[in-house]
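Next comes target24.txt, a file with compact mmCIF, C-alpha atoms.
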```txt
# COMPACT_ATOMS: atom_id res chain seq x y z
CA MET A 1 8.01 228.37 148.28
CA ASN A 2 10.02 226.64 150.98
CA HIS A 3 12.69 228.54 152.87
CA PRO A 4 15.41 226.74 154.81
CA PRO A 5 15.54 227.65 158.47
CA SER A 6 18.33 230.00 159.46
CA ARG A 7 20.59 229.70 162.47
CA LEU A 8 19.18 231.80 165.27
CA THR A 9 20.30 233.17 168.56
CA ARG A 10 18.40 232.08 171.62
CA ARG A 11 14.74 233.01 172.02
CA ARG A 12 14.54 234.20 168.42
CA PHE A 13 11.58 233.38 166.17
CA PHE A 14 11.22 234.43 162.54
CA LEU A 15 8.86 234.29 159.58
CA LYS A 16 10.70 234.54 156.29
CA SER A 17 9.56 235.17 152.73
CA ALA A 18 10.62 236.99 149.56
CA GLY A 19 13.49 239.00 150.96
CA VAL A 20 11.66 239.67 154.22
CA THR A 21 12.60 238.53 157.70
CA LEU A 22 9.90 239.21 160.28
CA ALA A 23 11.16 238.72 163.83
CA LEU A 24 8.48 237.62 166.28
CA PRO A 25 8.01 238.16 169.99
CA THR A 26 8.71 235.27 172.35
CA LEU A 27 5.99 232.60 172.13
CA ASP A 28 6.20 230.44 175.22
CA SER A 29 4.04 227.61 173.90
CA LEU A 30 6.49 226.74 171.13
CA LEU A 31 8.89 223.87 171.62
CA PRO A 32 12.47 223.81 170.28
CA GLY A 33 12.73 222.64 166.70
CA VAL A 34 11.56 223.71 163.27
CA LEU A 35 7.87 224.24 162.55
CA GLY A 36 6.62 225.04 159.05
CA SER A 37 8.46 225.98 155.91
CA GLY A 38 9.26 229.55 156.87
CA LEU A 39 9.48 229.43 160.65
CA ALA A 40 12.71 228.77 162.46
CA ILE A 41 12.95 228.37 166.21
CA GLY A 42 16.12 228.67 168.25
CA ALA A 43 16.94 225.48 170.12
CA ASP A 44 18.71 227.26 172.95
CA ARG A 45 15.83 229.00 174.70
CA ALA A 46 16.40 231.47 177.48
CA LYS A 47 16.01 229.96 180.92
CA ALA A 48 16.60 233.07 182.97
CA GLY A 49 13.50 235.03 182.00
CA SER A 50 13.17 238.11 179.86
CA PRO A 51 16.33 240.04 178.99
CA THR A 52 16.96 243.54 180.28
CA ARG A 53 16.79 246.37 177.74
CA LEU A 54 18.09 249.93 177.72
CA VAL A 55 16.65 252.94 175.88
CA GLY A 56 18.07 256.46 175.88
CA ILE A 57 16.20 259.51 174.58
CA GLY A 58 17.67 262.99 174.44
CA ASN A 59 16.81 266.31 172.89
CA LEU A 60 19.05 269.15 171.83
CA LEU A 61 17.68 272.08 173.83
CA GLY A 62 16.46 270.75 177.18
CA PHE A 63 13.17 271.73 178.86
CA TYR A 64 11.88 274.87 180.49
CA GLN A 65 12.73 274.03 184.09
CA PRO A 66 10.09 276.12 185.95
CA GLU A 67 7.40 274.03 184.22
CA LEU A 68 9.25 270.73 184.69
CA PHE A 69 10.65 270.46 188.21
CA PRO A 70 8.09 270.41 191.07
CA LYS A 71 8.64 272.48 194.20
CA THR A 72 8.05 269.49 196.50
CA PRO A 73 10.43 266.50 196.33
CA GLY A 74 9.44 262.96 197.23
CA PRO A 75 6.48 260.80 196.21
CA ASP A 76 3.89 263.54 196.82
CA TYR A 77 5.30 266.04 194.33
CA GLU A 78 2.88 268.27 192.44
CA VAL A 79 2.30 267.63 188.74
CA THR A 80 3.84 270.45 186.73
CA ARG A 81 2.71 271.37 183.24
CA LEU A 82 5.39 269.31 181.49
CA LEU A 83 4.69 266.31 183.74
CA LYS A 84 0.94 266.27 183.02
CA PRO A 85 1.28 263.99 179.96
CA LEU A 86 3.10 261.49 182.20
CA ALA A 87 0.55 261.56 185.02
CA GLU A 88 -0.89 258.12 184.26
CA HIS A 89 2.63 256.65 184.44
CA ARG A 90 3.52 258.37 187.72
CA GLN A 91 4.45 255.09 189.44
CA ASP A 92 6.59 254.00 186.49
CA PHE A 93 9.24 256.73 186.50
CA THR A 94 11.51 258.83 188.70
CA LEU A 95 12.24 262.48 187.99
CA TYR A 96 15.69 263.75 189.02
CA SER A 97 17.08 267.22 189.50
CA GLY A 98 20.61 268.02 190.55
CA LEU A 99 22.29 265.58 188.16
CA ASP A 100 24.80 266.65 185.51
CA HIS A 101 28.35 265.97 184.33
CA GLY A 102 30.02 269.06 185.75
CA VAL A 103 30.91 270.24 182.24
CA LYS A 104 30.51 273.58 180.51
CA GLY A 105 30.10 274.50 176.87
CA GLY A 106 26.43 275.08 176.19
CA HIS A 107 25.40 273.48 172.89
CA PHE A 108 28.79 271.80 172.46
CA ALA A 109 28.55 270.11 175.86
CA VAL A 110 25.24 268.47 174.87
CA HIS A 111 27.41 265.91 173.08
CA SER A 112 28.54 264.57 176.46
CA PHE A 113 24.99 263.69 177.58
CA PHE A 114 25.40 259.90 177.38
CA THR A 115 29.14 259.87 178.09
CA GLY A 116 29.84 262.30 180.91
CA VAL A 117 33.01 263.29 179.09
CA LEU A 118 33.68 266.07 176.60
CA SER A 119 35.31 264.85 173.38
CA MET A 120 38.34 267.03 174.01
CA ASP A 121 38.89 265.33 177.38
CA ALA A 122 38.39 261.75 176.16
CA LYS A 123 42.07 260.85 175.93
CA GLY A 124 42.48 261.33 179.64
CA MET A 125 39.73 258.88 180.57
CA PRO A 126 40.22 255.10 181.00
CA GLU A 127 37.42 254.30 178.51
CA GLY A 128 37.51 257.49 176.48
CA ASN A 129 34.12 259.08 175.90
CA ILE A 130 32.20 255.88 175.20
CA SER A 131 28.45 256.42 175.69
CA VAL A 132 26.33 254.40 178.07
CA ASP A 133 24.46 252.66 175.24
CA GLN A 134 27.63 251.59 173.46
CA ARG A 135 29.18 250.39 176.72
CA ALA A 136 26.15 248.17 177.22
CA ALA A 137 26.24 247.05 173.57
CA GLU A 138 29.78 245.73 174.01
CA THR A 139 28.38 243.00 176.27
CA VAL A 140 25.55 241.90 173.98
CA GLY A 141 27.67 240.15 171.38
CA GLY A 142 25.58 238.10 168.98
CA ALA A 143 22.58 237.75 171.26
CA THR A 144 20.59 240.12 169.05
CA ARG A 145 20.68 241.00 165.38
CA PHE A 146 21.62 244.59 166.22
CA PRO A 147 23.82 245.19 169.28
CA SER A 148 22.27 248.67 169.38
CA LEU A 149 20.11 250.97 167.27
CA THR A 150 20.81 254.69 167.14
CA VAL A 151 17.91 256.66 165.69
CA GLY A 152 17.39 260.37 165.10
CA SER A 153 18.42 263.38 163.11
CA GLU A 154 21.70 264.93 162.10
CA ASP A 155 20.17 268.38 161.78
CA GLY A 156 20.53 271.09 164.34
CA ILE A 157 22.81 273.69 165.78
CA HIS A 158 26.42 272.50 166.12
CA GLY A 159 25.57 269.15 164.48
CA GLY A 160 22.62 268.00 166.57
CA CYS A 161 22.67 265.96 169.76
CA GLN A 162 25.57 263.61 168.88
CA MET A 163 24.86 261.43 171.90
CA CYS A 164 26.35 258.06 170.97
CA TRP A 165 30.10 257.42 170.87
CA THR A 166 32.33 254.35 170.60
CA ARG A 167 35.27 253.54 172.82
CA SER A 168 37.62 254.93 170.15
CA GLY A 169 35.83 258.28 170.19
CA THR A 170 33.94 257.79 166.95
CA ARG A 171 30.43 259.14 166.79
CA VAL A 172 27.70 256.57 166.02
CA PRO A 173 25.57 258.17 163.27
CA PRO A 174 21.80 257.83 163.67
CA ILE A 175 19.38 256.05 161.38
CA PRO A 176 17.68 259.16 160.03
CA GLY A 177 14.01 258.29 159.75
CA PRO A 178 11.21 255.74 160.08
CA ALA A 179 11.44 254.41 156.52
CA GLU A 180 15.13 253.64 156.94
CA LEU A 181 14.57 252.10 160.34
CA PHE A 182 11.73 249.93 159.05
CA ARG A 183 13.89 248.59 156.19
CA LYS A 184 16.72 247.90 158.61
CA LEU A 185 14.42 245.89 160.86
CA PHE A 186 12.46 243.95 158.25
CA ILE A 187 14.16 243.87 154.84
CA ASN A 188 17.11 241.61 154.12
CA GLU A 189 20.20 243.50 153.10
CA SER A 190 21.32 241.90 149.83
CA ALA A 191 20.39 243.40 146.47
CA SER A 192 18.81 240.12 145.33
CA ASN A 193 16.55 240.04 148.38
CA LEU A 194 15.54 243.64 147.81
CA ASN A 195 14.60 242.74 144.24
CA LYS A 196 12.57 239.77 145.46
CA ALA A 197 10.75 242.00 147.90
CA LYS A 198 10.12 244.61 145.23
CA ASP A 199 8.68 241.99 142.84
CA HIS A 200 6.55 240.47 145.57
CA PHE A 201 4.78 243.56 146.84
CA SER A 202 1.85 244.98 144.92
CA LEU A 203 0.76 248.59 145.38
CA LYS A 204 -1.11 247.56 148.52
CA GLY A 205 1.43 244.96 149.56
CA SER A 206 2.55 244.34 153.11
CA ILE A 207 5.22 242.51 155.05
CA LEU A 208 2.45 240.63 156.83
CA ASP A 209 0.88 239.60 153.52
CA SER A 210 4.17 238.08 152.42
CA VAL A 211 4.33 235.77 155.43
CA ALA A 212 0.58 235.14 155.80
CA GLY A 213 0.75 231.43 154.97
CA ASP A 214 3.40 230.65 157.54
CA ALA A 215 1.66 232.89 160.07
CA ARG A 216 -1.55 230.86 159.75
CA SER A 217 0.42 227.67 160.14
CA LEU A 218 2.09 229.05 163.24
CA GLU A 219 -1.22 230.11 164.80
CA ARG A 220 -2.44 226.50 164.69
CA ARG A 221 0.54 225.39 166.75
CA ILE A 222 0.42 227.85 169.65
CA ASP A 223 -1.91 228.31 172.58
CA LYS A 224 -4.52 231.02 173.10
CA ALA A 225 -2.24 233.32 175.10
CA ASP A 226 0.43 233.24 172.41
CA ARG A 227 -2.16 233.76 169.66
CA GLU A 228 -3.29 236.91 171.44
CA LYS A 229 0.32 238.04 171.77
CA LEU A 230 0.95 237.34 168.08
CA ASP A 231 -2.20 239.18 167.05
CA GLU A 232 -1.17 242.18 169.16
CA TYR A 233 2.24 242.21 167.49
CA PHE A 234 0.87 241.85 163.95
CA THR A 235 -1.55 244.69 164.66
CA SER A 236 1.37 246.89 165.69
CA VAL A 237 3.27 246.04 162.52
CA ARG A 238 0.20 246.74 160.37
CA GLU A 239 -0.31 250.10 162.05
CA VAL A 240 3.27 251.10 161.30
CA GLU A 241 2.89 249.98 157.70
CA LYS A 242 -0.17 252.14 157.31
CA GLN A 243 1.58 255.15 158.78
CA LEU A 244 4.55 254.76 156.46
CA GLU A 245 2.30 253.99 153.46
CA LEU A 246 4.42 250.98 152.72
CA SER A 247 4.19 249.59 149.21
CA ARG A 248 6.64 250.19 146.43
CA GLN A 249 8.18 253.22 148.09
CA TRP A 250 10.17 251.56 150.87
CA VAL A 251 11.40 248.62 148.79
CA GLU A 252 12.48 250.80 145.87
CA VAL A 253 14.61 253.19 147.90
CA PRO A 254 18.12 251.75 148.31
CA LYS A 255 19.30 251.19 151.85
CA PRO A 256 21.69 253.95 152.96
CA LYS A 257 25.29 253.06 153.61
CA PRO A 258 26.96 254.19 156.83
CA PRO A 259 27.74 256.85 157.78
CA PHE A 260 24.08 257.70 157.31
CA THR A 261 23.35 261.02 155.65
CA GLU A 262 20.63 263.44 156.61
CA PRO A 263 17.19 262.12 155.60
CA LYS A 264 15.35 263.76 152.75
CA ASN A 265 11.82 265.03 153.27
CA THR A 266 11.95 264.10 156.96
CA ASN A 267 9.86 265.89 159.53
CA MET A 268 10.92 264.92 163.03
CA VAL A 269 7.69 266.26 164.52
CA ASP A 270 5.43 264.02 162.45
CA ASP A 271 7.89 261.12 162.45
CA LEU A 272 8.36 260.99 166.21
CA PRO A 273 5.39 258.68 166.98
CA MET A 274 6.48 256.24 164.25
CA LEU A 275 10.06 256.20 165.49
CA TYR A 276 8.85 255.34 168.97
CA ASP A 277 6.60 252.58 167.58
CA LEU A 278 9.45 251.07 165.59
CA MET A 279 11.74 251.16 168.61
CA ALA A 280 9.08 249.29 170.58
CA LEU A 281 8.84 246.67 167.83
CA ALA A 282 12.63 246.27 167.78
CA LEU A 283 12.64 245.63 171.53
CA GLN A 284 9.56 243.40 171.43
CA THR A 285 11.12 241.10 168.84
CA ASP A 286 14.53 241.12 170.55
CA SER A 287 16.04 242.50 167.35
CA THR A 288 17.97 244.72 169.74
CA ARG A 289 18.08 245.35 173.47
CA ILE A 290 19.60 248.83 173.23
CA ALA A 291 18.12 251.80 171.39
CA THR A 292 18.67 255.54 171.46
CA LEU A 293 16.70 258.42 169.98
CA GLU A 294 18.15 261.86 169.24
CA ILE A 295 15.60 264.68 168.89
CA GLY A 296 17.66 267.26 167.04
CA GLY A 297 17.28 270.67 165.53
CA ASP A 298 14.88 269.58 162.80
CA PHE A 299 12.21 269.24 165.46
CA GLU A 300 10.94 272.55 164.14
CA ALA A 301 8.40 275.00 165.49
CA ARG A 302 7.02 275.69 162.01
CA TYR A 303 5.24 272.33 162.08
CA PHE A 304 3.17 273.74 164.95
CA ASP A 305 2.39 276.91 162.97
CA ILE A 306 4.78 278.83 165.20
CA LYS A 307 6.81 281.45 163.35
CA LYS A 308 9.92 281.50 165.52
CA GLY A 309 12.32 278.56 165.39
CA TYR A 310 12.86 276.01 168.16
CA HIS A 311 16.39 277.24 168.86
CA THR A 312 15.25 280.86 168.92
CA LEU A 313 12.43 280.03 171.33
CA SER A 314 14.83 278.22 173.66
CA HIS A 315 16.60 281.58 174.01
CA HIS A 316 13.32 283.02 175.23
CA GLY A 317 14.74 285.95 177.18
CA GLN A 318 12.01 285.38 179.79
CA LEU A 319 9.43 286.73 177.35
CA LYS A 320 6.06 285.10 177.99
CA GLU A 321 5.14 284.76 174.31
CA ASN A 322 8.38 282.90 173.62
CA ILE A 323 8.00 280.66 176.67
CA ASP A 324 4.39 279.84 175.76
CA ALA A 325 5.43 278.84 172.25
CA LEU A 326 8.40 276.83 173.53
CA LEU A 327 6.14 274.91 175.90
CA VAL A 328 3.95 273.83 172.97
CA LEU A 329 6.96 272.02 171.51
CA GLU A 330 8.03 270.58 174.83
CA ASP A 331 4.50 269.43 175.68
CA TYR A 332 4.43 267.46 172.42
CA GLN A 333 7.74 265.77 173.22
CA MET A 334 6.41 264.78 176.63
CA GLN A 335 3.17 263.50 175.11
CA GLN A 336 5.04 261.24 172.70
CA PHE A 337 7.35 260.01 175.45
CA ALA A 338 4.29 259.18 177.57
CA ARG A 339 2.76 257.37 174.60
CA PHE A 340 5.96 255.32 174.24
CA LEU A 341 5.86 254.31 177.90
CA GLY A 342 2.22 253.32 177.48
CA LYS A 343 3.16 251.23 174.46
CA LEU A 344 5.85 249.38 176.41
CA LYS A 345 3.44 248.84 179.30
CA SER A 346 0.86 247.33 176.94
CA ILE A 347 3.22 244.63 175.65
CA SER A 348 3.45 241.50 177.79
CA ASP A 349 6.97 240.19 178.28
CA GLY A 350 7.62 237.09 180.33
CA ASP A 351 6.53 237.66 183.91
CA GLY A 352 5.74 241.35 183.33
CA THR A 353 5.58 243.97 180.64
CA LEU A 354 8.17 245.26 178.22
CA LEU A 355 8.48 248.40 180.35
CA ASP A 356 9.20 246.27 183.43
CA HIS A 357 12.25 244.92 181.63
CA THR A 358 13.33 248.11 179.84
CA MET A 359 15.23 250.99 181.43
CA VAL A 360 14.19 254.18 179.65
CA LEU A 361 16.27 257.31 180.22
CA PHE A 362 14.76 260.59 178.98
CA GLY A 363 16.31 264.03 179.15
CA SER A 364 18.89 266.33 177.62
CA GLY A 365 22.50 267.40 177.87
CA MET A 366 21.22 270.99 177.95
CA ALA A 367 19.85 272.34 181.22
CA ASN A 368 18.98 275.97 180.52
CA ALA A 369 19.26 276.82 176.84
CA ASN A 370 18.40 280.45 177.51
CA ALA A 371 21.55 280.77 179.61
CA HIS A 372 23.61 278.11 177.74
CA THR A 373 24.18 276.09 180.92
CA ASN A 374 24.65 272.35 181.35
CA LYS A 375 24.12 272.25 185.12
CA ASN A 376 21.10 270.47 186.67
CA LEU A 377 20.00 268.47 183.65
CA PRO A 378 16.40 267.30 183.16
CA ILE A 379 16.47 263.54 183.81
CA ILE A 380 13.69 260.96 183.92
CA LEU A 381 14.31 257.24 184.44
CA ALA A 382 11.37 254.94 183.73
CA GLY A 383 10.80 251.19 183.94
CA GLY A 384 13.58 248.65 184.21
CA GLY A 385 12.46 247.13 187.48
CA PHE A 386 13.61 250.08 189.61
CA GLN A 387 11.43 251.47 192.38
CA HIS A 388 9.76 254.58 190.98
CA GLY A 389 7.07 257.12 191.78
CA SER A 390 9.01 260.05 193.24
CA TYR A 391 10.82 263.27 192.45
CA GLU A 392 14.42 263.13 193.67
CA ALA A 393 15.89 266.61 194.18
CA LEU A 394 19.59 265.90 194.68
CA PRO A 395 22.21 268.38 195.96
CA GLN A 396 23.73 270.46 193.18
CA GLU A 397 26.79 271.50 195.18
CA GLY A 398 29.06 270.26 197.93
CA LEU A 399 30.31 266.89 199.06
CA ASN A 400 26.90 265.24 198.62
CA ARG A 401 26.64 266.12 194.93
CA LYS A 402 26.17 263.05 192.71
CA PRO A 403 27.27 263.03 189.06
CA LEU A 404 24.84 261.80 186.41
CA CYS A 405 27.29 259.01 185.60
CA ASN A 406 26.37 257.43 188.94
CA LEU A 407 22.92 256.80 187.48
CA TYR A 408 24.49 255.43 184.31
CA LEU A 409 26.64 253.07 186.36
CA SER A 410 23.52 251.80 188.14
CA MET A 411 21.83 251.22 184.78
CA LEU A 412 24.83 249.40 183.33
CA GLN A 413 25.05 247.13 186.35
CA ARG A 414 21.32 246.38 186.07
CA PHE A 415 21.92 245.58 182.39
CA GLY A 416 24.53 243.04 183.47
CA VAL A 417 27.77 244.89 182.78
CA GLU A 418 30.30 243.94 185.43
CA ILE A 419 31.94 247.30 186.10
CA ASP A 420 32.36 249.55 189.13
CA ARG A 421 33.01 252.80 187.26
CA PHE A 422 31.66 254.62 184.23
CA GLY A 423 32.76 258.03 182.97
CA THR A 424 32.99 260.37 185.95
CA SER A 425 31.00 258.20 188.36
CA THR A 426 31.83 258.06 192.05
CA GLY A 427 29.54 255.12 192.80
CA THR A 428 26.03 253.96 192.03
CA LEU A 429 22.89 256.05 192.48
CA VAL A 430 20.03 253.52 192.68
```

Encoding of this model in structure tokens:
Amino acid sequence: MNHPPSRLTRRRFFLKSAGVTLALPTLDSLLPGVLGSGLAIGADRAKAGSPTRLVGIGNLLGFYQPELFPKTPGPDYEVTRLLKPLAEHRQDFTLYSGLDHGVKGGHFAVHSFFTGVLSMDAKGMPEGNISVDQRAAETVGGATRFPSLTVGSEDGIHGGCQMCWTRSGTRVPPIPGPAELFRKLFINESASNLNKAKDHFSLKGSILDSVAGDARSLERRIDKADREKLDEYFTSVREVEKQLELSRQWVEVPKPKPPFTEPKNTNMVDDLPMLYDLMALALQTDSTRIATLEIGGDFEARYFDIKKGYHTLSHHGQLKENIDALLVLEDYQMQQFARFLGKLKSISDGDGTLLDHTMVLFGSGMANANAHTNKNLPIILAGGGFQHGSYEALPQEGLNRKPLCNLYLSMLQRFGVEIDRFGTSTGTLV
């Protein structure tokens, strides 16, 4: 069946079939025009290289600081327990201590992690309590299908992380799970297209199977380097399909309407690798250039066969058995973050890798959950073309103290936002 080409934004390539739109990574050997019945190619190709991306990842309860922050600052810092999973990426990230927003409120102040501003203080700020991801998204316009993607869970104490906020002070609700995120990325939204997709897929059906004919046609028209890139991408999509057991299940479930409700039968622990993989696919295909991930209260200890809950363990009371159990959960989060960085590093993107062109912020709006403090937040910045490889221990007090929003301002400027202030910033940091 022939499918008319759709109008595309620059650098966008698609395979289309039976209610499915499969965005492709940039294939440099293709020329402007239309090739094949289901492939459309944007005529206005990017001339300035790969775009800059921004990813923000935050959890609800922070990290146990004695096992996170080294004793020695600089490039020769020792590898602490929580940094061990990131050891192979040592030159790709910077660890910061001493950064925060100068706010108080414990769990409630976690909501200011990406904004620097408490909701109650938003009216007194020039841009309210808009979050760094949404400030960047305002400049994207129609360059990508999704100006931003907010992913994560609503569960948790005091409503979860609640990291992403619009200029008007409205919270951006997260896409609650991998199945919903996959449908958002790959299934057309209309009811008729959903029905077409449902009729097309057999029990063992696949998005890749639906576009196989056009994919083969495309492979004959590109060079060896692009064929390898395409094969790498298709392999990633197939792996995600296998993990989600895609068949009738994901095409039969109706797409949720915003605001998104809490996901049913979702397990954030088991879903975390898939969510990271889908975020990488979204960036790789330029479906979005901005993504955030909230690791909320449904990241539960019971999935590790630990009897006490995550929140309870974070209030460890300095008891070794509680700290040991808490570190199991935090180790896993670090392992999956390291895996995500490795995934981005493995994907070629223009003159570098996807990680080279993606700023990845990882941390929490909670510093010490045991004491309910929001001072000296755990912050890691990876990728994005910055110079990395060190531990920066910044002053926590006095005239030389730097607010976390200084780092956000640096990131926004690197993203291309022409501003000289964000939140409570006093200047740039890097």

*asked:* Applying 12 Å and all atoms listed in the file, which residues near Gly124 of chain A remain after dropping the ones on its own chain fewer than 6 positions away? List them as a list in words.
replied: Val117, Leu118, Gly169, Gly423 and Thr424 of chain A

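When all atoms listed in the file are used to measure the gap to Phe422 of chain A, the shortest distance among A:Pro174, A:Pro403, A:Gly398, A:Gly62 belongs to A:Pro403.
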
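In this comparison, which uses all atoms listed in the file, the residue of A:Glu127, A:Asp271, A:Asp331, A:Glu418 approaching Glu180 of chain A most closely is A:Asp271.
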
*Using all atoms listed in the file, which of A:Leu61, A:Leu381, A:Ala143, A:Ile419 sits nearest Thr312 of chain A?*
A:Leu61

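Note that atom CA of Ser97 of chain A and atom CA of Gly383 of chain A are 18.1 Å apart.
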
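With all atoms listed in the file as the atoms that count, the residue of A:Gly106, A:Gly297, A:Gly177, A:Gly98 with the shortest distance to Tyr276 of chain A is A:Gly177.
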
*With only C-alpha atoms as the basis for distance, which of A:Ser148, A:Thr170, A:Ser131, A:Thr428 is at the shortest distance from Leu185 of chain A?*
A:Ser148

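Considering the residues A:Asp100, A:Leu409, A:Met366, A:Leu22 and counting all atoms listed in the file, Ser206 of chain A has its shortest atom-to-atom contact with A:Leu22.
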
Any chance you could tabulate, as CSV, the residues of segment 316-386 of chain A at most 10 Å from segment 69-84 of chain A with each one's nearest atom pair and distance in Å to one decimal, using all atoms listed in the file, in chain and rising number order?
```
residue,atom,partner,partner_atom,distance
A:Leu327,CA,A:Leu82,CA,7.9
A:Val328,CA,A:Leu82,CA,9.8
A:Glu330,CA,A:Leu82,CA,7.3
A:Asp331,CA,A:Leu82,CA,5.9
A:Tyr332,CA,A:Leu82,CA,9.3
A:Gln333,CA,A:Leu82,CA,9.3
A:Met334,CA,A:Leu82,CA,6.7
A:Gln335,CA,A:Lys84,CA,8.7
A:Ala338,CA,A:Leu83,CA,9.4
A:Pro378,CA,A:Phe69,CA,8.3
```

*Write out as an MDAnalysis selection string each polymer residue whose atoms come within 9 Å of Ala137 of chain A, counting all atoms listed in the file; drop sequence neighbours fewer than 4 positions from it.*
chainID A and resid 132:133 141 147:148 289:290

For C-alpha atoms, please extract segment 398-420 of chain A from the block and return it as an mmCIF file, in the first residue's frame.
```
data_model
loop_
_atom_site.group_PDB
_atom_site.id
_atom_site.type_symbol
_atom_site.label_atom_id
_atom_site.label_comp_id
_atom_site.auth_asym_id
_atom_site.auth_seq_id
_atom_site.Cartn_x
_atom_site.Cartn_y
_atom_site.Cartn_z
ATOM 1 C CA GLY A 398 29.825 32.702 51.999
ATOM 2 C CA LEU A 399 30.289 35.078 49.105
ATOM 3 C CA ASN A 400 31.746 32.381 46.841
ATOM 4 C CA ARG A 401 28.685 30.134 47.087
ATOM 5 C CA LYS A 402 27.163 29.336 43.685
ATOM 6 C CA PRO A 403 23.469 28.456 43.293
ATOM 7 C CA LEU A 404 22.504 25.386 41.271
ATOM 8 C CA CYS A 405 20.665 27.674 38.861
ATOM 9 C CA ASN A 406 24.065 28.912 37.676
ATOM 10 C CA LEU A 407 24.629 25.440 36.233
ATOM 11 C CA TYR A 408 21.160 25.503 34.696
ATOM 12 C CA LEU A 409 21.907 28.857 33.084
ATOM 13 C CA SER A 410 25.094 27.410 31.576
ATOM 14 C CA MET A 411 23.114 24.463 30.212
ATOM 15 C CA LEU A 412 20.402 26.672 28.732
ATOM 16 C CA GLN A 413 22.964 28.867 27.025
ATOM 17 C CA ARG A 414 24.686 25.778 25.610
ATOM 18 C CA PHE A 415 21.259 24.640 24.374
ATOM 19 C CA GLY A 416 20.944 27.942 22.517
ATOM 20 C CA VAL A 417 18.596 29.888 24.779
ATOM 21 C CA GLU A 418 19.600 33.541 24.698
ATOM 22 C CA ILE A 419 19.185 34.490 28.353
ATOM 23 C CA ASP A 420 21.468 35.824 31.077
#
```
